[in-house]
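One structure is given here, and the rest of the page talks about it.
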Amino acid sequence: MAAVRCLPAAQEVDREAAHQECKEGDSMIFQSLKMAWSAITSNKMRSFLTMLGIIIGVVSLVVLVSIVNGATSSVTDSISGIGTNLLQVSITDDKENPLRLSELLDITDNEDIAAAAPIAQSSMTGKNDYTSETTTVYGTTGDYLEIMGLELGYGRFLKSPDVDNHSYVAILSYDAAIELIGRADAVGETVSLDGRSFEIVGVLAEDTSGMSSSRAVLEAYVPYTTLTRMADNVLYVTNLCASAVSEETLDAAEATLMEFLMNRFGQDEDAFTIQNQSTLMETMSSVTDTMAMMLGGIAAISLLVGGIGIMNIMLVSVTERTREIGIRKAIGARSWNIMLQFLIEALVVSLMGCMIGIGLSWVILQIAGMVMDSMSFQLQSKVVWLAVGFSIAIGVLFGIYPAKKAAGKHPIEALRHTG
């Protein structure tokens with residue numbers, strides 16, 4: 001019975017001992033942090049040079065990966081603006097039986113395909129009064145506007161009568177209207193393309209997608225039949241675009257288009273190519289992911305070099321503080337106390353370099369965003385945490401050997417050290 005009564009008291013003693021040990025552990029870590037900070041600040045220049053490798057590695061990792069992600073996001077948004085139900089066809093061998101404009105109606109008869117339009121291109125000189133600029137002229141039909149996801153700012157796009165009557169009407173891009181006419185609302189004005197007078201019936205909206213370059217994009221859209229009369233290199237349909245009814249029917253629309261072209265060109269699949277917008281986005285995503293990993297790997301090598309610098313300086317520090325280690329061991333410090341102190345010091349150096357690197361990365365990305373205003377670069381949290389995690393791993397990995405070397409010193413030999 002007496003033993004039973006003593007059991008709660010024994011448990012209370014064990015609990016208090018565990019609590020006291022925990023407090024001592026917390027105090028030891030706090031004390032180690034203070035000593036690590038004191039050792040770092042006692043030689044500021046050496047500490048900064050030690051951190052420099054980590055700083056460069058973190059900046060490389062964060063900035064390069066953020067730039068790749070920003071560029072990828074911008075391109076993806078631009079492609080998504082066109083739509084993921086787009087199909088583009090290029091005919092390379094017409095088998096001396098070229099595809100004609102009237103045959104596109106056979107393609108759109110299928111319930112999976114919403115619209116199809118030819119694409120022809122020629123470079124011409126656009127003139128208005130005293131202004132003359134080289135302009136890219138596209139010959140197409142009215143469905144091109146919806147298929148390619150273009151937006152009108154003023155007027156209208158091409159209509160069926162324009163194509164049927166070989167009309168001399170044109171739709172200008174926003175930049176072309178500004179450069180050739182002098183204002184965006186140019187509907188009703190006249191522009192000359194290679195000496196032929198065209199009435200401007202529409203102007204596209206300004207490109208605000210973020211993918212427009214600093215250079216003006218001078219484009220004009222005219223009826224396909226009109227361009228065939230003006231350009232010697234445009235006779236038959238060699239390029240066309242089509243849109244599926246929805247993203248879900250894209251594969252069915254591609255299969256239908258494939259079947260039509262195979263029958264049209266003698267079952268020769270090498271006579272043409274079909275580009276699927278969805279597949280293009282997947283390919284681009286795969287390429288940019290690979291690029292991000294490659295650049296991240298290069299930056300990780302810089303961090304490893306920084307880790308080697310930390311280990312080198314920590315080994316020097318162990319040698320310089322040999323007598324300190326001997327004194328601490330002589331007054332009761334255990335090996336794991338010494339090891340913890342030097343390990344924390346290496347970790348603090350690595351994390352301080354990481355924090356400085358993240359701060360510099362933010363500044364660099366802000367400057368890059370101002371210089372390249374067509375793209376947005378953000379300091380992504382996942383990249384930041386990756387850099388922090390890598391820096392912690394570097395600090396621990398390259399701090400273990402110097403810490404173990406310090407902890408393994410014999411107190412008597414350490415006290416005799418005079419170096």
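Each chain in the structure tokens gets a letter, A, B, ..., in the order shown, and its residues are numbered from 1; ligands are numbered from 1 in order too.
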
- Task: Mind listing the strand (DSSP E or B) residues of stretch 54-198 of chain A, per DSSP on the backbone, as a VMD selection string?
- Result: chain A and resid 86 to 91 99 113 to 118 120 to 128 131 to 140 152 to 155 169 to 172 190 to 193 196 to 198

- Residue contacts of A:Ile147 (10 Å, only C-alpha atoms) excluding same-chain residues fewer than 2 positions away, as a ChimeraX atom specification: /A:82-83,85-87,114-117,142-145,149-150,241-244

- Item | atom CA of A:Asn43 to atom CA of A:Ile392, straight-line distance in Å | 22.1 Å

- Note on the structure: With distances taken over only C-alpha atoms, the candidate from A:Phe265, A:Tyr224, A:Phe48, A:Phe377 nearest A:Tyr138 is A:Tyr224

Selection near A:Leu204, 12 Å with only C-alpha atoms, sequence-local residues under 4 positions removed, as an mmCIF file with N, CA and C atoms, in the first residue's frame:
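Wrote selection_32.cif, looks like this:
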```
data_model
loop_
_atom_site.group_PDB
_atom_site.id
_atom_site.type_symbol
_atom_site.label_atom_id
_atom_site.label_comp_id
_atom_site.auth_asym_id
_atom_site.auth_seq_id
_atom_site.Cartn_x
_atom_site.Cartn_y
_atom_site.Cartn_z
ATOM 1 N N LEU A 145 -11.934 36.543 -87.433
ATOM 2 C CA LEU A 145 -12.011 37.367 -86.229
ATOM 3 C C LEU A 145 -12.341 36.530 -85.001
ATOM 4 N N GLY A 149 -9.786 35.028 -81.958
ATOM 5 C CA GLY A 149 -10.049 35.767 -80.720
ATOM 6 C C GLY A 149 -9.664 37.235 -80.787
ATOM 7 N N LEU A 150 -9.754 37.843 -81.973
ATOM 8 C CA LEU A 150 -9.439 39.260 -82.124
ATOM 9 C C LEU A 150 -10.621 40.114 -81.667
ATOM 10 N N GLU A 151 -10.341 41.350 -81.295
ATOM 11 C CA GLU A 151 -11.387 42.271 -80.856
ATOM 12 C C GLU A 151 -11.355 43.541 -81.700
ATOM 13 N N LEU A 152 -12.536 44.008 -82.060
ATOM 14 C CA LEU A 152 -12.646 45.240 -82.830
ATOM 15 C C LEU A 152 -12.705 46.445 -81.899
ATOM 16 N N GLY A 153 -11.987 47.489 -82.272
ATOM 17 C CA GLY A 153 -12.078 48.740 -81.532
ATOM 18 C C GLY A 153 -13.056 49.696 -82.183
ATOM 19 N N TYR A 154 -13.068 49.676 -83.522
ATOM 20 C CA TYR A 154 -13.960 50.547 -84.294
ATOM 21 C C TYR A 154 -14.419 49.809 -85.543
ATOM 22 N N GLY A 155 -15.631 50.139 -86.013
ATOM 23 C CA GLY A 155 -16.127 49.615 -87.278
ATOM 24 C C GLY A 155 -16.487 48.143 -87.244
ATOM 25 N N ARG A 156 -16.241 47.472 -88.347
ATOM 26 C CA ARG A 156 -16.621 46.071 -88.508
ATOM 27 C C ARG A 156 -15.462 45.268 -89.076
ATOM 28 N N PHE A 157 -15.645 43.946 -89.129
ATOM 29 C CA PHE A 157 -14.657 43.074 -89.761
ATOM 30 C C PHE A 157 -15.172 42.700 -91.156
ATOM 31 N N LEU A 158 -14.493 41.773 -91.796
ATOM 32 C CA LEU A 158 -14.872 41.353 -93.143
ATOM 33 C C LEU A 158 -16.209 40.626 -93.144
ATOM 34 N N ALA A 170 -10.455 47.224 -95.983
ATOM 35 C CA ALA A 170 -9.388 46.759 -95.098
ATOM 36 C C ALA A 170 -9.721 47.053 -93.644
ATOM 37 N N ILE A 171 -9.232 46.178 -92.787
ATOM 38 C CA ILE A 171 -9.304 46.385 -91.338
ATOM 39 C C ILE A 171 -7.861 46.534 -90.875
ATOM 40 N N LEU A 172 -7.568 47.615 -90.179
ATOM 41 C CA LEU A 172 -6.201 47.865 -89.727
ATOM 42 C C LEU A 172 -6.015 47.458 -88.269
ATOM 43 N N SER A 173 -4.791 47.073 -87.934
ATOM 44 C CA SER A 173 -4.458 46.891 -86.519
ATOM 45 C C SER A 173 -4.404 48.263 -85.859
ATOM 46 N N TYR A 174 -4.468 48.285 -84.543
ATOM 47 C CA TYR A 174 -4.469 49.558 -83.806
ATOM 48 C C TYR A 174 -3.217 50.374 -84.135
ATOM 49 N N ASP A 175 -2.049 49.708 -84.138
ATOM 50 C CA ASP A 175 -0.790 50.409 -84.415
ATOM 51 C C ASP A 175 -0.750 50.935 -85.841
ATOM 52 N N ALA A 176 -1.290 50.149 -86.808
ATOM 53 C CA ALA A 176 -1.290 50.580 -88.199
ATOM 54 C C ALA A 176 -2.162 51.822 -88.387
ATOM 55 N N ALA A 177 -3.293 51.869 -87.690
ATOM 56 C CA ALA A 177 -4.170 53.040 -87.782
ATOM 57 C C ALA A 177 -3.473 54.283 -87.237
ATOM 58 N N ILE A 178 -2.754 54.109 -86.117
ATOM 59 C CA ILE A 178 -2.037 55.247 -85.518
ATOM 60 C C ILE A 178 -0.916 55.722 -86.445
ATOM 61 N N ALA A 184 -6.731 56.345 -83.960
ATOM 62 C CA ALA A 184 -7.276 54.988 -83.900
ATOM 63 C C ALA A 184 -8.604 54.874 -84.653
ATOM 64 N N ASP A 185 -9.485 55.875 -84.511
ATOM 65 C CA ASP A 185 -10.787 55.825 -85.178
ATOM 66 C C ASP A 185 -10.619 56.276 -86.627
ATOM 67 N N ALA A 186 -10.168 55.315 -87.469
ATOM 68 C CA ALA A 186 -9.864 55.642 -88.865
ATOM 69 C C ALA A 186 -10.918 55.118 -89.828
ATOM 70 N N VAL A 187 -12.065 54.670 -89.312
ATOM 71 C CA VAL A 187 -13.127 54.127 -90.168
ATOM 72 C C VAL A 187 -13.608 55.201 -91.138
ATOM 73 N N ILE A 200 -11.013 51.895 -95.286
ATOM 74 C CA ILE A 200 -10.878 51.324 -93.942
ATOM 75 C C ILE A 200 -12.277 51.184 -93.344
ATOM 76 N N THR A 208 -3.654 44.746 -75.287
ATOM 77 C CA THR A 208 -3.276 44.957 -73.882
ATOM 78 C C THR A 208 -2.988 43.642 -73.181
ATOM 79 N N VAL A 217 3.077 47.086 -84.349
ATOM 80 C CA VAL A 217 2.665 45.966 -85.197
ATOM 81 C C VAL A 217 1.748 46.526 -86.277
ATOM 82 N N LEU A 218 2.263 46.620 -87.513
ATOM 83 C CA LEU A 218 1.504 47.199 -88.620
ATOM 84 C C LEU A 218 0.902 46.078 -89.452
ATOM 85 N N GLU A 219 -0.407 45.885 -89.329
ATOM 86 C CA GLU A 219 -1.102 44.810 -90.018
ATOM 87 C C GLU A 219 -2.386 45.330 -90.642
ATOM 88 N N ALA A 220 -2.763 44.698 -91.745
ATOM 89 C CA ALA A 220 -4.037 45.005 -92.397
ATOM 90 C C ALA A 220 -4.689 43.690 -92.812
ATOM 91 N N TYR A 221 -6.002 43.616 -92.693
ATOM 92 C CA TYR A 221 -6.764 42.420 -93.064
ATOM 93 C C TYR A 221 -7.688 42.781 -94.217
#
```

- Query: Which residues, written as a list in words, have at least one atom at most 9 Å from A:Gly408, with only C-alpha atoms counted and residues fewer than 2 positions away on the same chain left out?
  - Reply: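 Near A:Gly408, the qualifying residues are Ser335, Ile338, Met339, Ala403, Lys404, Lys405, Ala406 and His410 of chain A.
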
- Item | Selected residue, from A:Met230, A:Leu64, A:Val222, A:Leu257, that lies nearest to A:Val89 when counting only C-alpha atoms | A:Leu257

- Shell around stretch 96-112 of chain A at 10 Å using only C-alpha atoms, local window under 3 positions removed, as a PyMOL selection string: chain A and resi 91+93+115-118+140-141+224-225+235-240+242-246+248-257+260-261+264-265

- Hey, which of A:Val203, A:Ile119, A:Leu351, A:Ile356 ends up closest to A:Arg183? Count only C-alpha atoms.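 Closest residue, counting only C-alpha atoms: A:Val203.
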